[in-house]
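Content type mmCIF, C-alpha atoms, from the file query38.cif:
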data_upload
loop_
_atom_site.label_atom_id
_atom_site.label_comp_id
_atom_site.auth_asym_id
_atom_site.auth_seq_id
_atom_site.Cartn_x
_atom_site.Cartn_y
_atom_site.Cartn_z
CA MET A 4 167.69 -115.11 185.75
CA LEU A 5 170.80 -115.57 183.66
CA GLU A 6 172.24 -118.44 185.68
CA SER A 7 170.52 -121.82 185.54
CA GLY A 8 172.83 -123.52 188.03
CA LYS A 9 172.08 -123.78 191.74
CA ILE A 10 174.45 -124.01 194.68
CA THR A 11 173.88 -125.32 198.18
CA PRO A 12 173.87 -122.94 201.18
CA GLY A 13 177.06 -124.59 202.42
CA GLN A 14 178.83 -123.82 199.16
CA ALA A 15 177.60 -120.23 199.37
CA GLY A 16 179.11 -120.04 202.85
CA PHE A 17 182.43 -121.32 201.50
CA LEU A 18 182.37 -118.78 198.67
CA MET A 19 181.75 -115.98 201.14
CA ILE A 20 184.56 -117.17 203.42
CA PHE A 21 186.86 -116.80 200.43
CA THR A 22 185.61 -113.30 199.65
CA VAL A 23 186.73 -112.29 203.13
CA LEU A 24 189.80 -114.43 203.72
CA GLY A 25 191.08 -114.39 200.13
CA THR A 26 193.11 -111.25 200.72
CA SER A 27 192.53 -110.36 204.36
CA ASN A 28 194.94 -113.11 205.39
CA LEU A 29 197.68 -111.12 203.65
CA VAL A 30 196.99 -107.52 204.59
CA MET A 31 194.69 -107.48 207.59
CA PRO A 32 197.20 -107.70 210.48
CA VAL A 33 199.04 -104.66 209.09
CA LEU A 34 195.95 -102.57 208.44
CA THR A 35 194.44 -103.21 211.85
CA SER A 36 197.62 -102.94 213.91
CA ARG A 37 198.45 -99.64 212.23
CA TYR A 38 195.66 -98.09 214.32
CA ALA A 39 194.96 -100.56 217.11
CA GLN A 40 198.64 -101.39 217.74
CA MET A 41 198.88 -104.46 219.95
CA ASP A 42 195.13 -104.62 220.48
CA ALA A 43 194.61 -105.61 216.86
CA TRP A 44 193.24 -109.02 217.79
CA MET A 45 190.21 -107.31 219.35
CA THR A 46 189.25 -105.74 216.02
CA VAL A 47 188.54 -109.23 214.65
CA ILE A 48 185.81 -109.74 217.22
CA LEU A 49 184.56 -106.16 217.03
CA ALA A 50 184.14 -106.35 213.26
CA SER A 51 181.82 -109.33 213.48
CA LEU A 52 179.07 -107.20 215.05
CA PRO A 53 178.26 -105.18 211.88
CA HIS A 54 178.97 -108.34 209.92
CA VAL A 55 176.21 -110.33 211.63
CA LEU A 56 173.89 -107.33 211.33
CA LEU A 57 174.56 -107.23 207.57
CA ILE A 58 173.74 -110.92 207.21
CA PHE A 59 170.39 -110.42 208.96
CA VAL A 60 169.63 -107.33 206.86
CA MET A 61 170.32 -109.21 203.62
CA ASN A 62 168.16 -112.09 204.82
CA GLY A 63 165.40 -109.60 205.55
CA ILE A 64 165.66 -108.18 202.04
CA ARG A 65 165.70 -111.42 200.09
CA LYS A 66 162.91 -113.02 202.20
CA ASN A 67 160.45 -110.65 200.57
CA PHE A 68 161.56 -111.45 197.05
CA PRO A 69 162.37 -115.16 196.78
CA GLN A 70 163.46 -116.38 193.34
CA GLU A 71 164.03 -112.86 192.10
CA SER A 72 167.36 -111.28 191.29
CA ILE A 73 168.38 -107.97 192.84
CA VAL A 74 168.09 -106.17 189.50
CA SER A 75 164.43 -107.06 189.15
CA TYR A 76 163.35 -106.38 192.74
CA LEU A 77 165.28 -103.15 193.10
CA LYS A 78 163.23 -101.78 190.20
CA LYS A 79 160.08 -102.66 192.13
CA ILE A 80 161.33 -101.06 195.35
CA THR A 81 162.82 -97.80 194.12
CA GLY A 82 161.31 -97.39 190.69
CA LYS A 83 162.96 -98.16 187.38
CA TYR A 84 165.51 -95.38 187.00
CA LEU A 85 166.69 -95.14 190.61
CA GLY A 86 166.95 -98.92 190.70
CA ILE A 87 169.18 -98.95 187.62
CA LEU A 88 171.26 -96.16 189.17
CA ILE A 89 171.81 -98.14 192.38
CA ILE A 90 172.70 -101.25 190.40
CA LEU A 91 175.20 -99.25 188.34
CA GLY A 92 176.67 -97.99 191.61
CA TYR A 93 177.01 -101.57 192.81
CA LEU A 94 178.59 -102.54 189.49
CA TRP A 95 181.18 -99.80 189.86
CA TYR A 96 181.76 -100.85 193.47
CA MET A 97 182.38 -104.43 192.35
CA ILE A 98 184.64 -103.44 189.46
CA PHE A 99 186.69 -101.16 191.70
CA THR A 100 186.93 -103.80 194.43
CA LEU A 101 188.02 -106.38 191.85
CA THR A 102 190.80 -104.09 190.68
CA MET A 103 191.88 -103.47 194.30
CA ILE A 104 191.94 -107.22 195.03
CA ASN A 105 193.85 -107.94 191.86
CA ARG A 106 196.37 -105.22 192.62
CA THR A 107 196.86 -106.46 196.21
CA VAL A 108 197.51 -110.02 195.07
CA SER A 109 199.82 -108.87 192.28
CA GLU A 110 201.80 -106.61 194.59
CA PHE A 111 202.08 -109.51 197.05
CA LEU A 112 203.47 -111.82 194.36
CA LEU A 113 205.75 -109.09 193.09
CA THR A 114 207.31 -108.14 196.42
CA SER A 115 207.43 -111.61 197.95
CA PHE A 116 208.39 -113.88 195.09
CA MET A 117 209.15 -112.46 191.67
CA PRO A 118 210.52 -108.92 191.99
CA GLU A 119 211.92 -109.00 188.44
CA THR A 120 208.61 -109.81 186.72
CA PRO A 121 206.48 -106.98 185.37
CA ILE A 122 203.29 -106.62 187.43
CA GLU A 123 201.13 -106.86 184.31
CA VAL A 124 201.93 -110.57 184.09
CA PHE A 125 200.28 -111.36 187.45
CA ILE A 126 197.32 -109.12 186.70
CA ILE A 127 196.66 -110.77 183.36
CA VAL A 128 197.13 -114.31 184.66
CA MET A 129 194.77 -113.79 187.61
CA LEU A 130 192.14 -112.20 185.35
CA LEU A 131 192.44 -114.99 182.77
CA LEU A 132 191.80 -117.53 185.54
CA GLY A 133 188.85 -115.44 186.71
CA ALA A 134 187.48 -115.26 183.17
CA TRP A 135 187.80 -119.00 182.79
CA VAL A 136 185.92 -119.80 185.99
CA THR A 137 183.28 -117.15 185.21
CA LYS A 138 182.63 -118.73 181.82
CA ALA A 139 182.33 -122.10 183.54
CA GLY A 140 179.52 -120.80 185.75
CA LEU A 141 178.51 -120.52 189.38
CA GLU A 142 178.42 -124.25 190.13
CA VAL A 143 182.02 -124.74 189.03
CA LEU A 144 183.13 -121.75 191.08
CA ALA A 145 181.37 -123.19 194.14
CA ARG A 146 183.04 -126.58 193.65
CA VAL A 147 186.46 -124.98 193.25
CA ALA A 148 185.84 -123.20 196.55
CA THR A 149 184.80 -126.44 198.25
CA PHE A 150 187.93 -128.13 196.95
CA ILE A 151 190.34 -125.43 198.10
CA MET A 152 188.69 -124.73 201.46
CA PRO A 153 190.25 -127.62 203.48
CA LEU A 154 193.75 -126.79 202.20
CA PHE A 155 193.13 -123.14 202.98
CA LEU A 156 192.01 -123.81 206.55
CA ILE A 157 194.84 -126.31 207.15
CA SER A 158 197.38 -123.69 206.05
CA PHE A 159 196.17 -121.33 208.80
CA ALA A 160 196.06 -124.08 211.41
CA LEU A 161 199.65 -125.01 210.50
CA ILE A 162 200.90 -121.45 210.95
CA PHE A 163 199.43 -121.34 214.40
CA LEU A 164 200.54 -124.80 215.51
CA LEU A 165 204.09 -124.63 214.17
CA LEU A 166 204.77 -121.20 215.58
CA VAL A 167 203.09 -121.50 218.95
CA GLY A 168 206.50 -121.97 220.61
CA GLU A 169 207.72 -118.62 219.26
CA PHE A 170 204.85 -116.62 220.72
CA ASN A 171 205.63 -113.88 223.14
CA PHE A 172 202.33 -113.07 224.76
CA SER A 173 203.76 -110.17 226.71
CA TYR A 174 203.44 -108.18 223.45
CA LEU A 175 199.66 -108.39 223.91
CA THR A 176 199.77 -106.48 227.18
CA PRO A 177 198.88 -103.88 228.25
CA VAL A 178 195.39 -104.23 226.84
CA PHE A 179 193.82 -100.94 225.69
CA GLU A 180 197.17 -99.14 225.90
CA TYR A 181 195.80 -96.10 224.03
CA GLY A 182 192.17 -96.43 225.06
CA SER A 183 189.35 -97.91 223.05
CA LYS A 184 189.20 -95.44 220.16
CA PRO A 185 192.18 -96.78 218.18
CA VAL A 186 190.66 -100.23 218.44
CA ILE A 187 187.38 -99.03 216.97
CA ARG A 188 189.26 -97.21 214.23
CA GLY A 189 191.31 -100.33 213.49
CA ALA A 190 188.12 -102.38 213.31
CA ILE A 191 187.03 -100.42 210.24
CA TYR A 192 189.18 -102.41 207.84
CA PRO A 193 188.02 -105.86 208.92
CA THR A 194 184.48 -104.46 208.82
CA LEU A 195 184.98 -103.49 205.19
CA TRP A 196 186.36 -106.89 204.31
CA ARG A 197 183.46 -108.67 206.02
CA GLY A 198 181.13 -106.32 204.18
CA GLU A 199 182.01 -108.11 200.98
CA TYR A 200 179.29 -110.50 202.10
CA VAL A 201 177.04 -108.00 200.33
CA LEU A 202 177.65 -110.10 197.21
CA MET A 203 175.17 -112.55 198.70
CA LEU A 204 172.48 -110.08 197.61
CA PHE A 205 173.40 -111.09 194.07
CA LEU A 206 173.93 -114.80 194.75
CA TRP A 207 171.06 -115.56 197.13
CA PRO A 208 168.47 -116.28 194.42
CA TYR A 209 170.70 -119.10 193.15
CA LEU A 210 170.67 -121.13 196.38
CA ASN A 211 168.74 -124.36 196.11
CA THR A 212 167.35 -123.94 199.64
CA PRO A 213 167.35 -120.16 200.21
CA GLU A 214 165.82 -120.34 203.68
CA GLN A 215 168.90 -122.17 204.99
CA GLY A 216 171.22 -119.47 203.67
CA LEU A 217 171.04 -117.46 206.88
CA ARG A 218 172.27 -120.34 209.00
CA SER A 219 175.20 -121.26 206.79
CA LEU A 220 176.25 -117.62 206.45
CA LEU A 221 176.26 -117.21 210.23
CA GLN A 222 178.37 -120.37 210.49
CA SER A 223 180.80 -118.98 207.93
CA ALA A 224 181.01 -115.76 209.96
CA VAL A 225 182.10 -117.83 212.96
CA ILE A 226 184.72 -119.64 210.84
CA ILE A 227 186.14 -116.29 209.72
CA VAL A 228 186.56 -115.17 213.33
CA LEU A 229 188.12 -118.53 214.21
CA VAL A 230 190.67 -118.12 211.40
CA MET A 231 191.47 -114.44 211.70
CA LEU A 232 191.81 -114.40 215.49
CA PRO A 233 194.78 -116.84 215.65
CA ILE A 234 196.40 -115.27 212.59
CA THR A 235 196.26 -111.74 213.94
CA THR A 236 197.31 -112.86 217.40
CA ALA A 237 200.21 -114.82 215.90
CA SER A 238 201.45 -111.81 213.90
CA ILE A 239 201.43 -109.63 216.98
CA ALA A 240 202.81 -112.24 219.35
CA VAL A 241 205.74 -112.99 217.04
CA PHE A 242 206.59 -109.60 215.53
CA GLY A 243 205.26 -107.33 218.25
CA PRO A 244 205.59 -103.60 217.55
CA LEU A 245 207.10 -104.36 214.12
CA THR A 246 203.75 -105.59 212.74
CA PRO A 247 202.36 -102.21 211.60
CA HIS A 248 205.50 -101.53 209.56
CA MET A 249 205.55 -104.77 207.56
CA TYR A 250 203.91 -105.37 204.21
CA PHE A 251 202.66 -108.94 204.55
CA PRO A 252 203.17 -110.14 208.15
CA THR A 253 201.29 -113.42 207.76
CA PHE A 254 203.59 -114.33 204.95
CA ALA A 255 206.59 -113.34 207.03
CA LEU A 256 205.22 -115.74 209.65
CA VAL A 257 205.28 -118.56 207.13
CA GLU A 258 208.87 -117.79 206.21
CA TYR A 259 209.64 -117.98 209.92
CA ILE A 260 208.48 -121.59 210.16
CA GLU A 261 211.18 -124.18 210.63
CA LEU A 262 209.94 -127.76 210.74
CA VAL A 263 211.81 -130.16 213.01
CA GLY A 264 215.04 -128.26 212.56
CA PHE A 265 215.72 -128.85 208.88
CA ILE A 266 212.57 -128.40 206.76
CA THR A 267 212.51 -124.70 205.94
CA ARG A 268 211.21 -122.50 203.14
CA ILE A 269 207.78 -124.08 202.99
CA ASP A 270 206.44 -120.67 202.00
CA ALA A 271 206.00 -121.72 198.36
CA VAL A 272 203.40 -124.31 199.38
CA PHE A 273 201.51 -121.76 201.44
CA MET A 274 201.66 -119.25 198.65
CA ALA A 275 200.13 -121.74 196.22
CA VAL A 276 197.18 -122.30 198.55
CA TRP A 277 196.68 -118.60 199.26
CA ILE A 278 196.85 -117.64 195.61
CA ALA A 279 194.21 -120.29 194.98
CA GLY A 280 192.06 -118.61 197.64
CA ALA A 281 192.62 -115.19 196.11
CA PHE A 282 191.67 -116.67 192.76
CA VAL A 283 188.32 -117.80 194.16
CA LYS A 284 187.77 -114.30 195.53
CA ILE A 285 188.55 -112.73 192.16
CA GLY A 286 186.31 -115.31 190.51
CA ILE A 287 183.32 -114.41 192.72
CA PHE A 288 183.62 -110.70 192.05
CA TYR A 289 184.20 -111.28 188.33
CA TYR A 290 181.19 -113.56 188.18
CA CYS A 291 178.90 -111.10 189.98
CA ILE A 292 180.00 -108.25 187.71
CA CYS A 293 179.30 -110.21 184.53
CA LEU A 294 175.99 -111.60 185.83
CA THR A 295 174.67 -108.21 186.93
CA LEU A 296 175.92 -106.34 183.89
CA GLY A 297 174.37 -108.96 181.64
CA GLU A 298 171.05 -108.59 183.40
CA VAL A 299 171.13 -104.78 183.30
CA LEU A 300 171.88 -104.82 179.57
CA GLY A 301 169.15 -107.41 179.01
CA LEU A 302 171.42 -110.04 177.44
CA LYS A 303 170.44 -113.68 176.97
CA ASP A 304 173.71 -114.93 178.48
CA TYR A 305 176.28 -113.18 180.61
CA ARG A 306 179.12 -115.26 179.12
CA TYR A 307 179.49 -113.07 176.05
CA ILE A 308 180.74 -110.07 178.02
CA VAL A 309 183.28 -111.91 180.18
CA TYR A 310 186.37 -110.98 178.16
CA PRO A 311 185.57 -107.27 177.66
CA VAL A 312 184.87 -106.92 181.41
CA GLY A 313 188.22 -108.57 182.11
CA ILE A 314 190.03 -106.17 179.79
CA ILE A 315 188.40 -103.16 181.48
CA CYS A 316 189.30 -104.48 184.95
CA GLY A 317 192.86 -105.29 183.90
CA ALA A 318 193.43 -101.83 182.48
CA LEU A 319 191.92 -100.23 185.59
CA THR A 320 194.12 -102.33 187.88
CA ILE A 321 197.20 -100.62 186.46
CA PHE A 322 195.45 -97.30 185.90
CA ILE A 323 194.17 -96.59 189.45
CA ALA A 324 197.60 -96.25 191.01
CA PRO A 325 201.06 -95.77 189.48
CA ASN A 326 202.86 -97.27 192.49
CA VAL A 327 202.35 -98.98 195.84
CA ALA A 328 202.37 -95.76 197.87
CA VAL A 329 199.50 -94.23 195.86
CA PHE A 330 197.72 -97.56 195.95
CA GLU A 331 197.91 -97.76 199.74
CA ASN A 332 196.60 -94.22 199.99
CA LEU A 333 193.43 -95.39 198.24
CA PHE A 334 192.49 -97.54 201.24
CA PRO A 335 191.57 -94.70 203.64
CA THR A 336 190.47 -92.14 201.05
CA VAL A 337 188.30 -94.21 198.71
CA LEU A 338 187.83 -97.71 200.04
CA ILE A 339 186.45 -96.80 203.48
CA PRO A 340 183.65 -94.38 202.46
CA MET A 341 182.74 -96.27 199.29
CA ASN A 342 182.55 -99.66 200.95
CA LEU A 343 180.65 -98.36 203.97
CA LEU A 344 178.13 -96.85 201.56
CA PHE A 345 177.60 -99.90 199.37
CA GLN A 346 178.11 -102.65 201.93
CA TYR A 347 176.23 -101.36 204.95
CA LEU A 348 174.26 -98.19 204.23
CA MET A 349 172.69 -99.32 200.97
CA PRO A 350 171.31 -102.70 202.18
CA LEU A 351 169.89 -100.93 205.25
CA LEU A 352 168.28 -98.32 203.00
CA ILE A 353 166.81 -100.99 200.74
CA LEU A 354 165.39 -102.88 203.71
CA GLY A 355 163.95 -99.66 205.13
CA LEU A 356 162.36 -98.81 201.79
CA ILE A 357 160.76 -102.26 201.54
CA TYR A 358 159.02 -101.72 204.86
CA LEU A 359 158.18 -98.06 204.18
CA ARG A 360 156.55 -98.91 200.87
CA GLY A 361 154.73 -101.90 202.36
CA LEU A 362 156.31 -104.40 199.98
CA HIS A 363 157.13 -106.91 202.71
CA LYS A 364 155.69 -110.38 202.76
CA GLU A 365 153.15 -110.31 205.62
CA LYS A 366 151.38 -107.29 204.22
CA ARG A 367 151.09 -108.75 200.73
CA GLY A 368 149.88 -112.03 202.21
CA GLU A 369 147.03 -110.25 204.01
CA GLY A 370 146.09 -108.33 200.88
CA ASP A 371 145.77 -111.54 198.90
CA GLY A 372 143.57 -112.99 201.61
CA VAL A 373 145.96 -115.89 202.17
CA MET B 16 205.27 -102.66 169.50
CA ARG B 17 203.00 -103.03 172.55
CA ILE B 18 200.21 -101.31 170.65
CA ILE B 19 200.49 -103.79 167.81
CA GLY B 20 200.53 -106.76 170.20
CA LEU B 21 197.54 -105.48 172.15
CA SER B 22 195.57 -104.69 168.99
CA PHE B 23 196.31 -108.19 167.78
CA ALA B 24 195.07 -109.70 171.06
CA PHE B 25 191.86 -107.62 170.95
CA MET B 26 191.31 -108.66 167.33
CA ILE B 27 191.62 -112.33 168.30
CA ILE B 28 189.13 -111.91 171.17
CA PHE B 29 186.74 -110.01 168.90
CA VAL B 30 186.85 -112.63 166.14
CA MET B 31 186.57 -115.51 168.62
CA GLU B 32 183.50 -114.11 170.35
CA ALA B 33 181.77 -112.17 167.58
CA ILE B 34 181.54 -114.87 164.90
CA PRO B 35 179.31 -117.21 166.97
CA LEU B 36 177.15 -114.22 167.92
CA VAL B 37 176.68 -113.22 164.28
CA LYS B 38 175.88 -116.80 163.34
CA LYS B 39 173.23 -117.00 166.07
CA LYS B 40 171.92 -113.53 165.08
CA MET B 41 172.21 -112.23 168.67
CA TRP B 42 172.55 -108.56 167.78
CA ARG B 43 171.93 -107.14 171.24
CA GLU B 44 174.71 -109.29 172.68
CA LEU B 45 176.99 -108.36 169.77
CA VAL B 46 176.47 -104.63 170.36
CA ALA B 47 177.03 -104.95 174.12
CA PHE B 48 180.14 -107.06 173.60
CA SER B 49 181.62 -104.73 170.99
CA LEU B 50 180.96 -101.61 173.04
CA LEU B 51 182.49 -103.07 176.19
CA LEU B 52 185.49 -104.31 174.21
CA LEU B 53 185.88 -100.85 172.72
CA ILE B 54 185.84 -99.28 176.20
CA GLY B 55 188.35 -101.85 177.40
CA ALA B 56 190.63 -101.32 174.43
CA GLY B 57 190.41 -97.54 174.86
CA LEU B 58 191.34 -97.83 178.54
CA THR B 59 194.23 -100.15 177.79
CA PHE B 60 195.66 -97.84 175.14
CA THR B 61 195.29 -94.90 177.53
CA VAL B 62 197.33 -96.77 180.11
CA VAL B 63 199.96 -97.97 177.66
CA LEU B 64 200.40 -94.60 175.90
CA ASP B 65 200.07 -92.63 179.16
CA LEU B 66 197.34 -90.39 177.72
CA PRO B 67 195.97 -87.68 180.05
CA LEU B 68 192.67 -89.30 180.99
CA PRO B 69 191.27 -88.44 184.46
CA ASN B 70 192.01 -91.25 186.87
CA PRO B 71 188.78 -92.81 188.21
CA ALA B 72 190.44 -93.25 191.60
CA ASP B 73 191.15 -89.50 191.81
CA ILE B 74 187.57 -88.68 190.87
CA MET B 75 186.25 -91.00 193.56
CA GLU B 76 188.70 -89.53 196.05
CA LYS B 77 187.16 -86.10 195.37
CA ILE B 78 183.59 -87.42 195.59
CA PHE B 79 184.22 -89.18 198.87
CA SER B 80 186.57 -86.63 200.44
CA PRO B 81 183.88 -85.02 202.69
CA ALA B 82 182.90 -88.45 203.98
CA SER B 83 186.46 -89.63 204.51
CA THR B 84 187.57 -86.47 206.32
CA TRP B 85 184.47 -86.65 208.51
CA LEU B 86 185.18 -90.29 209.33
CA THR B 87 188.81 -89.49 210.17
CA GLN B 88 187.71 -86.69 212.48
CA VAL B 89 185.12 -88.81 214.24
CA LEU B 90 187.41 -91.75 214.78
CA SER B 91 190.68 -90.13 215.74
#
Translate this file's structure into structure tokens.
Amino acid sequence: MLESGKITPGQAGFLMIFTVLGTSNLVMPVLTSRYAQMDAWMTVILASLPHVLLIFVMNGIRKNFPQESIVSYLKKITGKYLGILIILGYLWYMIFTLTMINRTVSEFLLTSFMPETPIEVFIIVMLLLGAWVTKAGLEVLARVATFIMPLFLISFALIFLLLVGEFNFSYLTPVFEYGSKPVIRGAIYPTLWRGEYVLMLFLWPYLNTPEQGLRSLLQSAVIIVLVMLPITTASIAVFGPLTPHMYFPTFALVEYIELVGFITRIDAVFMAVWIAGAFVKIGIFYYCICLTLGEVLGLKDYRYIVYPVGIICGALTIFIAPNVAVFENLFPTVLIPMNLLFQYLMPLLILGLIYLRGLHKEKRGEGDGV
Amino acid sequence: MRIIGLSFAFMIIFVMEAIPLVKKKMWRELVAFSLLLLIGAGLTFTVVLDLPLPNPADIMEKIFSPASTWLTQVLS
């Protein structure tokens, strides 16, 4: 165990809310409405089914190995070499996801606010912040998340409340215009974003009361639905059929806000809060990468490899796609299969292997005669 | 110019992190740190100089292409 700090289950729930909402508030209405059209709001609810399943699967895995990190128990479950291979796969998944997050946030800043600035500036600044919070440790990251969370939630509530007069609910009808298949297809993206809860496999050993983790994660899943449902509905009810063709509809919503007739352009405030949320998301991924890599390499402290990891991620962020069009093409071709594999299939496989090999708790308890 | 600046930045990071490691005689950490920094520096120079290195995203696209085409067929 490379981390001596402990976080509360509530803080873990907050961290996980940020891993989902950190970027999905920006891109999700576009990605879902591209397939589900005006039924996009249904995908939010549909995606929470695999999400809840994943939370229960992870709880089932960690219950059998309390106080052990995933690196050490995977070696017990699958054997040494296969375990290392799976962990390396997860490491690559996390590095790639970090680069995708970083690129999304940077493209958002570039197109919405500072079109003249080279994109490298945003990438480096976000990674430097991530490196700083990673060096500070898990407890600091959790407290940053707790501090930003109220602002983050208020920002979404404000969007909904201030724009409720502009809604045109006739855009939402007819329901199931093209049948149910586009809705299921559109639900894939929110499913992938919720699947980032898989990071709890790495963080669960650091909860001070691990048995309460399940409850607080389920609560955070409800909060995510409660945030994403109004946001997606608002995008569709305001922009209607335009939504699939926009880049960042939620941000366009904010620019639409006009307070009591004369206060306009409050988008800068919202951007500050959302970038803070994205920073927490980047911080969590960065932290998990360094922690796991440090444990795989058998280091005494993960803090020594924070900067090299950041340099690799920064270079990859620019390397993976020369422009936005290529970058967007990565979502269906790489992100969907890779994330489904590492977020849903792999935890299920691990859980299945635990039971197949008889490593689960009840069995061991009987063997010990307890 | 960019090469010189980047090399300078990497040198600063190396000196900042490596000296405490040498003082504490943590050789394993020093080796891991140096290797990762070397990979990072190599990647950065590849990007800056536009060297023909295979793009990891393209490789993954090829690996996952059966799965992604299957998913597209099933869902559309």
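Atom CA of Ile73 of chain A lies 9.8 Å from atom CA of Glu298 of chain A.
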(request) Find the spatial neighbours of Ala237 of chain A, counting all atoms listed in the file, within a cut-off of 12 Å - ignore same-chain residues fewer than 3 positions away - and output them as a PyMOL selection string. (result) chain A and resi 28+32+41+43-44+159-172+174-175+230-234+240-243+246+252-257+259
(message) To test your reading of the syntax: which residues would the PyMOL selection byres ((chain B) within 8 of (chain A)) return for the file shown? Reply as a PyMOL selection string.
(response) chain B and resi 28+32+43-44+47-48+51-52+54-56+58-59+62+70-72+75-76+79-80+82-83+90-91
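Picture a line from atom CA of Ala39 of chain A to atom CA of Leu24 of chain A; it runs 20.0 Å.
For the set A:Phe345, A:Phe59, A:Tyr290, A:Phe17, the residue with the smallest atom-to-atom gap to Ala134 of chain A is A:Tyr290, counting only C-alpha atoms.
With all atoms listed in the file as the atoms that count, the minimum distance from Gly140 of chain A to the choices A:Leu5, A:Leu354, A:Ala281, A:Leu348 is reached by A:Leu5.
For the pair atom CA of Ile90 of chain A and atom CA of Pro213 of chain A, the interatomic distance is 22.0 Å.
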(message) Given the PyMOL selection byres ((chain A and resi 209) around 12) and the file above, list the residues it selects as JSON, numbers by chain.
(response) {"A": [4, 5, 6, 7, 8, 9, 10, 11, 12, 14, 15, 65, 69, 70, 71, 72, 73, 140, 141, 142, 145, 203, 204, 205, 206, 207, 208, 210, 211, 212, 213, 214, 216, 291, 294]}
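Every protein or nucleic acid residue with an atom no more than 8 Å from Ile20 of chain A, counting all atoms listed in the file and leaving out same-chain residues fewer than 6 positions away, appears here: Ser223, Ala224, Ile226 and Ile227 of chain A.
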(request) Write out as a VMD selection string each polymer residue whose atoms come within 10 Å of Leu362 of chain A, counting all atoms listed in the file; drop sequence neighbours fewer than 5 positions from it. (result) chain A and resid 67 to 68 79 to 80 354 356 to 357 367
